[in-house]
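Reading through the structure tokens given below for one structure.
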Amino acid sequence: MAHLGAPATWFECLQYEGSPYRTAPRGHTAGSRKDRLCSPCLTKVELRVACKGISDRDALSKPDPCVVLKMQSHGQWLEVDRTEVIRSSINPTFSKVFTVDFYFEEVQRLRFELYDISSSHNGIKEADFLGAVECTLGQVGQMSASHRDASKRTPTRVSAAHTLPMPRAHAECACACVRACADGSLALLSPPKQIVSQRKLSRSLLKQGSSAGKSSITIIAEELSGNGDYVELSFSARKLDDKDFFSKSDPFLEIFRVNDDATHQLVHRTETIMNNLNPVWKTFKVSVNSLCSGDHDRKLKCTVWDWDSNGKHDFIGEFETTFKEMRGAMDGKQMQWECINPKYKVKKKNYKNSGIVILNQCKMHSFLDYIMGGCQIQFTVAIDFTASNGDPRNSCSLHYIHPYQPNEYLKALVAVGEICQDYDSDKMFPAFGFGARIPPDFKVRGSSDEAGGFPMRRFTCSGIQGVVEAYQNCLPKIQLYGPTNIAPIIQKVASSASREMHAKEAMQYFILLILTDGVITDMADTREAIVHASHLPMSVIIVGVGNADFGDMQMLDGDDGILRSPKGEPVLRDIVQFVPFRNFKHASPAALAKSVLAEVPNQVVDYYNSKAIKPKCASDYESSRTFGP
């Protein structure tokens with residue numbers, strides 16, 4: 001039996017650091033508060049955009065504005081997303097919300113470009129450029145407990161302020177907001193308390209280095225707090241007032257969140273249904289954070305308009321509700337509200353309403369709903385055994401096995417695997433290697449001619465400890481070689497996921513963790529494999545180990561733009577998350593795990609929502625399980 005003061009193994013230490021719910025390993029106490037505060041963190045913010053004073057193209061028409069968000073990657077501006085096009089408007093407020101990841105250890109440059117899109121097409125190439133503003137996303141540290149608790153109760157809306165110098169060691173309360181730079185650009189940085197402030201910043205749009213007339217842009221940033229749940233809403237209406245003389249009204253619906261300061265924040269604008277007093281609008285999805293800041297009793301204001309081509313839309317009516325009330329439309333029920341025009345209500349004696357608005361569906365499923373309903377996470381590991389890692393017998397090798405200190409491969413494996421294994425009931429994991437020559441013939445496994453790499457153990461590994469043992473046992477027996485091809489292993493896991501694709505229940509979701517030290521050599525095939533996998537219940541996590549230039553790897557992560565196959569086919573959904581391990585080299589394993597797994601819950605929910613697959617009730621799942629004697 002070990003003495004109480006005996007040093008902990010590195011595996012025990014990683015298990016402890018990776019989870020706040022584990023007890024400390026032998027001979028260790030909890031880390032200092034400073035250690036926790038200095039670890040990298042990932043925060044998501046939502047950016048909302050509005051413009052004012054856009055110049056008319058000519059005297060006979062107003063502009064049709066659209067804002068394109070771009071992100072700078074290796075000196076190039078890549079499109080991330082764009083707003084909807086608003087017809088005939090010089091003061092547009094866009095309903096589209098941009099979601100951006102904050103990494104305080106990186107400088108992330110954004111650019112908002114305003115275009116006038118012709119009504120005959122939606123292409124940017126033929127559109128008129130009206131001006132732009134550049135943004136720099138700055139350092140975001142972890143909030144103190146008091147600020148974190150406050151953010152759950154208060155809408156965390158920010159937009160602009162002065163910036164105070166904030167060294168990393170003192171960034172424990174740093175949060176995000178927009179500030180003005182001397183060159184007219186915007187930067188998202190702020191002192192800690194401004195994360196809960198409600199201020200706006202309007203800056204002139206720049207065109208060829210100078211102001212674009214009186215045109216200005218307003219950006220509001222809101223930190224995403226809570227569990228990131230989304231809700232699907234489906235609205236219709238009947239017997240709306242007819243506002244047109246020669247035809248029927250062309251109605252659209254706007255939903256506003258009422259903030260604590262009584263201001264209204266646009267949450268969503270539906271499409272316009274032409275010439276119809278009984279419109280059925282398309283189902284849409286919105287985050288609960290955007291809708292009500294997580295407060296289900298927060299007041300929501302809904303307004304119905306009759307669209308006019310000149311931009312001067314006619315008011316039909318309005319009503320107020322809450323998300324708590326909307327949730328009454330779950331399980332096939334309907335909620336209805338009278339659409340009221342206050343002026344008509346005062347002037348007309350027999351006035352009842354200007355129509356009825358109906359919420360036909362309010363569907364909300366979270367990641368935990370699927371997990372508690374029996375959905376299992378099928379976790380697979382693939383490790384790079386190419387020669388660029390260095391001879392494992394050399395202490396400089398990325399694969400060097402130190403008796404007391406885990407290498408980067410093991411750190412990343414344990415940090416991510418320890419989280420994923422909790423969602424897999426049998427905890428039996430396939431583990432593969434690629435790019436090595438293996439006995440007895442020492443042929444390369446994991447290249448295009450040997451699809452799927454080689455198994456590091458004959459059978460699946462028992463738990464993450466089993467994967468670690470398989471990795472350590474196979475290292476002395478193989479010869480590191482090349483090339484770095486990852487498409488075969490993606491295709492192998494995709495083959496298993498494709499069998500689940502035809503199931504009508506949410507039972508298995510696949511996560512592939514790829515650990516690699518360099519730029520992959522089969523980029524075209526990998527892009528093709530990822531586009532195919534985006535249709536399947538599957539996510540891919542890539543952790544770059546070592547100090548190589550991972551610039552090309554960022555292409556695989558949809559955060560910098562839309563990934564496409566060599567044939568031009570776009571991914572159906574973003575399923576890849578790439579993270580360089582060096583950004584977390586001096587951080588706790590929990591920080592790395594949080595970063596690489598942050599998008600997985602939404603990826604799981606997005607997939608099953610796209611297939612209209614509901615989570616099973618926990619009671620149904622328990623009753624359907626078969627137990628051994």
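Identifiers for the structure tokens are assigned positionally: chains receive A, B, ... in sequence, residues are indexed from 1 per chain, and ligands are indexed from 1 in the order shown.
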- Message: Please list as a PyMOL selection string every residue within 12 Å of Tyr607 of chain A, counting only C-alpha atoms and excluding residues in the same chain fewer than 2 positions away.
- Response: chain A and resi 365-367+370+500-501+505-506+508-510+533-539+572-575+600-605+609-615
For the selection just defined, write its residues with N, CA and C atoms to a file, as a short mmCIF file (atom, residue, chain, number, x, y, z; two decimals), in the first residue's frame.
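Output file result.cif is given in full below:
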data_model
loop_
_atom_site.label_atom_id
_atom_site.label_comp_id
_atom_site.auth_asym_id
_atom_site.auth_seq_id
_atom_site.Cartn_x
_atom_site.Cartn_y
_atom_site.Cartn_z
N HIS A 365 -34.90 21.13 -27.08
CA HIS A 365 -34.21 19.94 -26.60
C HIS A 365 -32.76 20.30 -26.32
N SER A 366 -32.25 19.94 -25.17
CA SER A 366 -30.88 20.24 -24.80
C SER A 366 -30.00 19.00 -24.94
N PHE A 367 -28.71 19.20 -24.88
CA PHE A 367 -27.76 18.10 -24.93
C PHE A 367 -28.04 17.10 -23.82
N TYR A 370 -30.84 14.59 -24.52
CA TYR A 370 -30.45 13.44 -25.32
C TYR A 370 -29.61 12.44 -24.52
N GLU A 500 -25.74 4.51 -37.92
CA GLU A 500 -26.63 5.17 -36.95
C GLU A 500 -27.51 6.20 -37.63
N MET A 501 -27.08 6.67 -38.79
CA MET A 501 -27.81 7.74 -39.51
C MET A 501 -29.24 7.33 -39.84
N GLU A 505 -33.95 6.93 -33.62
CA GLU A 505 -33.80 7.31 -32.23
C GLU A 505 -32.38 7.85 -32.02
N ALA A 506 -32.25 8.71 -31.03
CA ALA A 506 -30.93 9.28 -30.72
C ALA A 506 -30.21 8.35 -29.75
N GLN A 508 -26.68 6.84 -30.58
CA GLN A 508 -25.22 6.88 -30.63
C GLN A 508 -24.76 8.11 -31.41
N TYR A 509 -23.83 8.85 -30.80
CA TYR A 509 -23.19 9.99 -31.47
C TYR A 509 -21.68 9.77 -31.37
N PHE A 510 -20.96 9.98 -32.48
CA PHE A 510 -19.55 9.60 -32.56
C PHE A 510 -18.65 10.84 -32.47
N ALA A 533 -18.93 13.56 -43.63
CA ALA A 533 -19.24 13.28 -42.22
C ALA A 533 -20.19 14.31 -41.62
N SER A 534 -20.27 15.50 -42.20
CA SER A 534 -21.16 16.53 -41.66
C SER A 534 -22.63 16.15 -41.77
N HIS A 535 -22.94 15.13 -42.56
CA HIS A 535 -24.31 14.62 -42.68
C HIS A 535 -24.60 13.53 -41.66
N LEU A 536 -23.60 13.16 -40.87
CA LEU A 536 -23.70 12.02 -39.96
C LEU A 536 -23.67 12.47 -38.50
N PRO A 537 -24.10 11.59 -37.58
CA PRO A 537 -24.03 11.92 -36.15
C PRO A 537 -22.58 11.81 -35.67
N MET A 538 -21.79 12.84 -35.97
CA MET A 538 -20.35 12.72 -35.78
C MET A 538 -19.71 14.10 -35.63
N SER A 539 -18.71 14.20 -34.77
CA SER A 539 -17.89 15.40 -34.61
C SER A 539 -16.43 15.00 -34.64
N LEU A 572 -22.56 20.45 -44.35
CA LEU A 572 -23.94 20.65 -43.94
C LEU A 572 -24.00 21.38 -42.61
N ARG A 573 -23.05 21.06 -41.71
CA ARG A 573 -22.95 21.73 -40.42
C ARG A 573 -21.49 21.69 -39.99
N ASP A 574 -21.10 22.59 -39.12
CA ASP A 574 -19.73 22.67 -38.65
C ASP A 574 -19.49 21.57 -37.62
N ILE A 575 -18.62 20.59 -37.95
CA ILE A 575 -18.40 19.46 -37.04
C ILE A 575 -16.95 19.37 -36.57
N VAL A 600 -19.36 20.69 -28.92
CA VAL A 600 -19.96 19.37 -29.10
C VAL A 600 -21.44 19.32 -28.71
N PRO A 601 -21.85 19.85 -27.53
CA PRO A 601 -23.27 19.76 -27.17
C PRO A 601 -24.19 20.34 -28.23
N ASN A 602 -23.85 21.51 -28.77
CA ASN A 602 -24.70 22.10 -29.81
C ASN A 602 -24.64 21.29 -31.10
N GLN A 603 -23.49 20.68 -31.41
CA GLN A 603 -23.39 19.85 -32.60
C GLN A 603 -24.29 18.63 -32.48
N VAL A 604 -24.36 18.05 -31.29
CA VAL A 604 -25.24 16.91 -31.07
C VAL A 604 -26.70 17.32 -31.25
N VAL A 605 -27.09 18.42 -30.61
CA VAL A 605 -28.47 18.88 -30.70
C VAL A 605 -28.82 19.28 -32.13
N ASN A 609 -31.86 17.62 -34.20
CA ASN A 609 -32.94 18.54 -34.59
C ASN A 609 -33.13 18.53 -36.10
N SER A 610 -32.02 18.48 -36.86
CA SER A 610 -32.13 18.48 -38.32
C SER A 610 -32.84 17.22 -38.83
N LYS A 611 -32.76 16.16 -38.04
CA LYS A 611 -33.43 14.91 -38.40
C LYS A 611 -34.80 14.77 -37.74
N ALA A 612 -35.21 15.82 -37.01
CA ALA A 612 -36.49 15.80 -36.28
C ALA A 612 -36.57 14.62 -35.33
N ILE A 613 -35.44 14.28 -34.70
CA ILE A 613 -35.39 13.18 -33.74
C ILE A 613 -35.41 13.75 -32.33
N LYS A 614 -36.43 13.41 -31.58
CA LYS A 614 -36.56 13.90 -30.22
C LYS A 614 -35.81 12.98 -29.26
N PRO A 615 -35.33 13.49 -28.14
CA PRO A 615 -34.71 12.62 -27.15
C PRO A 615 -35.76 11.73 -26.49
#
Using only C-alpha atoms, find each residue of segment 40-103 of chain A with at least one atom at most 12 Å away from an atom of segment 263-287 of chain A; report its shortest atom-to-atom pair and that distance in Å (one decimal), sort the rows by chain and rising residue number, and return the result as JSON lines.
{"residue": "A:Val45", "atom": "CA", "partner": "A:Ser287", "partner_atom": "CA", "distance": 11.9}
{"residue": "A:Glu46", "atom": "CA", "partner": "A:Ser287", "partner_atom": "CA", "distance": 10.1}
{"residue": "A:Leu47", "atom": "CA", "partner": "A:Val267", "partner_atom": "CA", "distance": 11.7}
{"residue": "A:Arg48", "atom": "CA", "partner": "A:Leu266", "partner_atom": "CA", "distance": 9.0}
{"residue": "A:Val49", "atom": "CA", "partner": "A:Leu266", "partner_atom": "CA", "distance": 10.2}
{"residue": "A:Ala50", "atom": "CA", "partner": "A:Leu266", "partner_atom": "CA", "distance": 10.2}
{"residue": "A:Thr83", "atom": "CA", "partner": "A:Arg269", "partner_atom": "CA", "distance": 11.6}
{"residue": "A:Glu84", "atom": "CA", "partner": "A:Arg269", "partner_atom": "CA", "distance": 9.8}
{"residue": "A:Val85", "atom": "CA", "partner": "A:Glu271", "partner_atom": "CA", "distance": 10.7}
{"residue": "A:Ile86", "atom": "CA", "partner": "A:Glu271", "partner_atom": "CA", "distance": 10.4}
{"residue": "A:Arg87", "atom": "CA", "partner": "A:Thr272", "partner_atom": "CA", "distance": 11.1}
{"residue": "A:Pro92", "atom": "CA", "partner": "A:Leu266", "partner_atom": "CA", "distance": 11.4}
{"residue": "A:Thr93", "atom": "CA", "partner": "A:Leu266", "partner_atom": "CA", "distance": 7.8}
{"residue": "A:Phe94", "atom": "CA", "partner": "A:Leu266", "partner_atom": "CA", "distance": 8.0}
{"residue": "A:Ser95", "atom": "CA", "partner": "A:His268", "partner_atom": "CA", "distance": 5.1}
{"residue": "A:Lys96", "atom": "CA", "partner": "A:His268", "partner_atom": "CA", "distance": 7.4}
{"residue": "A:Val97", "atom": "CA", "partner": "A:Val267", "partner_atom": "CA", "distance": 8.4}
{"residue": "A:Phe98", "atom": "CA", "partner": "A:Ser287", "partner_atom": "CA", "distance": 11.9}
{"residue": "A:Thr99", "atom": "CA", "partner": "A:Ser287", "partner_atom": "CA", "distance": 10.7}
Just-selected residues, N, CA, C and O atoms written as a PDB file, in the first residue's frame:
ATOM      1  N   VAL A  45     -19.513  35.095 -27.699  1.00  0.00           N
ATOM      2  CA  VAL A  45     -20.320  36.308 -27.642  1.00  0.00           C
ATOM      3  C   VAL A  45     -21.159  36.400 -28.900  1.00  0.00           C
ATOM      4  O   VAL A  45     -20.795  35.867 -29.960  1.00  0.00           O
ATOM      5  N   GLU A  46     -22.284  37.059 -28.767  1.00  0.00           N
ATOM      6  CA  GLU A  46     -23.150  37.322 -29.906  1.00  0.00           C
ATOM      7  C   GLU A  46     -23.008  38.787 -30.294  1.00  0.00           C
ATOM      8  O   GLU A  46     -23.053  39.668 -29.431  1.00  0.00           O
ATOM      9  N   LEU A  47     -22.806  39.045 -31.568  1.00  0.00           N
ATOM     10  CA  LEU A  47     -22.644  40.398 -32.081  1.00  0.00           C
ATOM     11  C   LEU A  47     -23.860  40.765 -32.914  1.00  0.00           C
ATOM     12  O   LEU A  47     -24.229  40.042 -33.837  1.00  0.00           O
ATOM     13  N   ARG A  48     -24.479  41.902 -32.567  1.00  0.00           N
ATOM     14  CA  ARG A  48     -25.630  42.411 -33.311  1.00  0.00           C
ATOM     15  C   ARG A  48     -25.245  43.713 -33.991  1.00  0.00           C
ATOM     16  O   ARG A  48     -24.505  44.513 -33.429  1.00  0.00           O
ATOM     17  N   VAL A  49     -25.796  43.913 -35.165  1.00  0.00           N
ATOM     18  CA  VAL A  49     -25.367  45.036 -35.994  1.00  0.00           C
ATOM     19  C   VAL A  49     -26.574  45.850 -36.459  1.00  0.00           C
ATOM     20  O   VAL A  49     -27.615  45.293 -36.818  1.00  0.00           O
ATOM     21  N   ALA A  50     -26.398  47.168 -36.449  1.00  0.00           N
ATOM     22  CA  ALA A  50     -27.388  48.082 -37.029  1.00  0.00           C
ATOM     23  C   ALA A  50     -26.632  49.213 -37.711  1.00  0.00           C
ATOM     24  O   ALA A  50     -25.509  49.545 -37.327  1.00  0.00           O
ATOM     25  N   THR A  83     -25.402  38.940 -42.790  1.00  0.00           N
ATOM     26  CA  THR A  83     -26.767  39.208 -42.352  1.00  0.00           C
ATOM     27  C   THR A  83     -27.742  38.961 -43.493  1.00  0.00           C
ATOM     28  O   THR A  83     -27.347  38.700 -44.639  1.00  0.00           O
ATOM     29  N   GLU A  84     -28.999  39.064 -43.177  1.00  0.00           N
ATOM     30  CA  GLU A  84     -30.018  39.048 -44.221  1.00  0.00           C
ATOM     31  C   GLU A  84     -29.959  40.362 -44.999  1.00  0.00           C
ATOM     32  O   GLU A  84     -29.345  41.340 -44.554  1.00  0.00           O
ATOM     33  N   VAL A  85     -30.590  40.402 -46.149  1.00  0.00           N
ATOM     34  CA  VAL A  85     -30.712  41.628 -46.933  1.00  0.00           C
ATOM     35  C   VAL A  85     -32.019  42.310 -46.554  1.00  0.00           C
ATOM     36  O   VAL A  85     -33.075  41.684 -46.571  1.00  0.00           O
ATOM     37  N   ILE A  86     -31.952  43.575 -46.192  1.00  0.00           N
ATOM     38  CA  ILE A  86     -33.159  44.345 -45.865  1.00  0.00           C
ATOM     39  C   ILE A  86     -33.441  45.290 -47.023  1.00  0.00           C
ATOM     40  O   ILE A  86     -32.613  46.142 -47.358  1.00  0.00           O
ATOM     41  N   ARG A  87     -34.586  45.131 -47.621  1.00  0.00           N
ATOM     42  CA  ARG A  87     -34.914  45.901 -48.808  1.00  0.00           C
ATOM     43  C   ARG A  87     -35.319  47.336 -48.453  1.00  0.00           C
ATOM     44  O   ARG A  87     -36.034  47.577 -47.483  1.00  0.00           O
ATOM     45  N   PRO A  92     -31.081  50.267 -41.347  1.00  0.00           N
ATOM     46  CA  PRO A  92     -31.436  48.875 -41.060  1.00  0.00           C
ATOM     47  C   PRO A  92     -30.983  48.404 -39.682  1.00  0.00           C
ATOM     48  O   PRO A  92     -29.892  48.744 -39.216  1.00  0.00           O
ATOM     49  N   THR A  93     -31.827  47.612 -39.037  1.00  0.00           N
ATOM     50  CA  THR A  93     -31.452  46.850 -37.845  1.00  0.00           C
ATOM     51  C   THR A  93     -31.569  45.385 -38.229  1.00  0.00           C
ATOM     52  O   THR A  93     -32.659  44.887 -38.494  1.00  0.00           O
ATOM     53  N   PHE A  94     -30.442  44.696 -38.260  1.00  0.00           N
ATOM     54  CA  PHE A  94     -30.421  43.328 -38.756  1.00  0.00           C
ATOM     55  C   PHE A  94     -30.800  42.351 -37.653  1.00  0.00           C
ATOM     56  O   PHE A  94     -30.391  42.498 -36.499  1.00  0.00           O
ATOM     57  N   SER A  95     -31.590  41.351 -38.005  1.00  0.00           N
ATOM     58  CA  SER A  95     -31.975  40.337 -37.017  1.00  0.00           C
ATOM     59  C   SER A  95     -30.936  39.235 -36.900  1.00  0.00           C
ATOM     60  O   SER A  95     -30.880  38.538 -35.898  1.00  0.00           O
ATOM     61  N   LYS A  96     -30.107  39.070 -37.920  1.00  0.00           N
ATOM     62  CA  LYS A  96     -29.056  38.061 -37.892  1.00  0.00           C
ATOM     63  C   LYS A  96     -28.079  38.353 -36.754  1.00  0.00           C
ATOM     64  O   LYS A  96     -27.643  39.487 -36.570  1.00  0.00           O
ATOM     65  N   VAL A  97     -27.734  37.312 -36.003  1.00  0.00           N
ATOM     66  CA  VAL A  97     -26.781  37.442 -34.899  1.00  0.00           C
ATOM     67  C   VAL A  97     -25.518  36.672 -35.250  1.00  0.00           C
ATOM     68  O   VAL A  97     -25.571  35.502 -35.630  1.00  0.00           O
ATOM     69  N   PHE A  98     -24.367  37.338 -35.126  1.00  0.00           N
ATOM     70  CA  PHE A  98     -23.087  36.678 -35.347  1.00  0.00           C
ATOM     71  C   PHE A  98     -22.583  36.128 -34.011  1.00  0.00           C
ATOM     72  O   PHE A  98     -22.542  36.847 -33.017  1.00  0.00           O
ATOM     73  N   THR A  99     -22.198  34.857 -33.990  1.00  0.00           N
ATOM     74  CA  THR A  99     -21.631  34.250 -32.791  1.00  0.00           C
ATOM     75  C   THR A  99     -20.133  34.066 -32.998  1.00  0.00           C
ATOM     76  O   THR A  99     -19.706  33.457 -33.980  1.00  0.00           O
TER      77      THR A  99
END
- Task: Mind listing the strand (DSSP E or B) residues of segment 369-599 of chain A, per DSSP on the backbone, as a ChimeraX atom specification?
- Result: /A:376-384,386,428-429,431-434,436-438,443-445,454-455,461-462,479-481,508-516,538-544,564,570,576-580
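Closest approach to Ala132 of chain A among A:Gly209, A:Pro589, A:Gly417, A:Gly311 is made by A:Gly209 (distances from only C-alpha atoms).
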- Kindly give the distance, in Å, that separates atom CA of Gln334 of chain A and atom CA of Thr321 of chain A, rounded to a single decimal. 13.9 Å
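Counting only C-alpha atoms, the residue from A:Ile401, A:Ile371, A:Glu254, A:Leu233 that sits nearest to Ala329 of chain A is A:Leu233.
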- Query: Leaving out segment 204-207 of chain A and any residue of its chain fewer than 4 positions from it, which residues lie within 9 Å of it when counting only C-alpha atoms, given as number ranges by chain?
  - Reply: A: 113-114, 129-133, 184-185, 211-217
Can I get the selection written as an mmCIF file, in the first residue's frame, with C-alpha atoms?
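As a result, result.cif now contains:
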data_model
loop_
_atom_site.group_PDB
_atom_site.id
_atom_site.type_symbol
_atom_site.label_atom_id
_atom_site.label_comp_id
_atom_site.auth_asym_id
_atom_site.auth_seq_id
_atom_site.Cartn_x
_atom_site.Cartn_y
_atom_site.Cartn_z
ATOM 1 C CA GLU A 113 -18.434 45.215 -44.579
ATOM 2 C CA LEU A 114 -21.650 46.924 -45.672
ATOM 3 C CA PHE A 129 -19.511 48.438 -51.366
ATOM 4 C CA LEU A 130 -20.704 51.105 -48.911
ATOM 5 C CA GLY A 131 -18.061 51.008 -46.185
ATOM 6 C CA ALA A 132 -16.441 48.899 -43.481
ATOM 7 C CA VAL A 133 -15.307 48.794 -39.860
ATOM 8 C CA GLY A 184 -11.641 54.311 -36.436
ATOM 9 C CA SER A 185 -11.758 50.559 -35.965
ATOM 10 C CA SER A 211 -15.727 58.382 -43.793
ATOM 11 C CA ALA A 212 -18.458 57.032 -46.067
ATOM 12 C CA GLY A 213 -20.692 60.082 -45.854
ATOM 13 C CA LYS A 214 -22.941 60.100 -42.789
ATOM 14 C CA SER A 215 -23.205 56.316 -42.693
ATOM 15 C CA SER A 216 -22.544 54.723 -39.298
ATOM 16 C CA ILE A 217 -22.598 51.287 -37.748
#
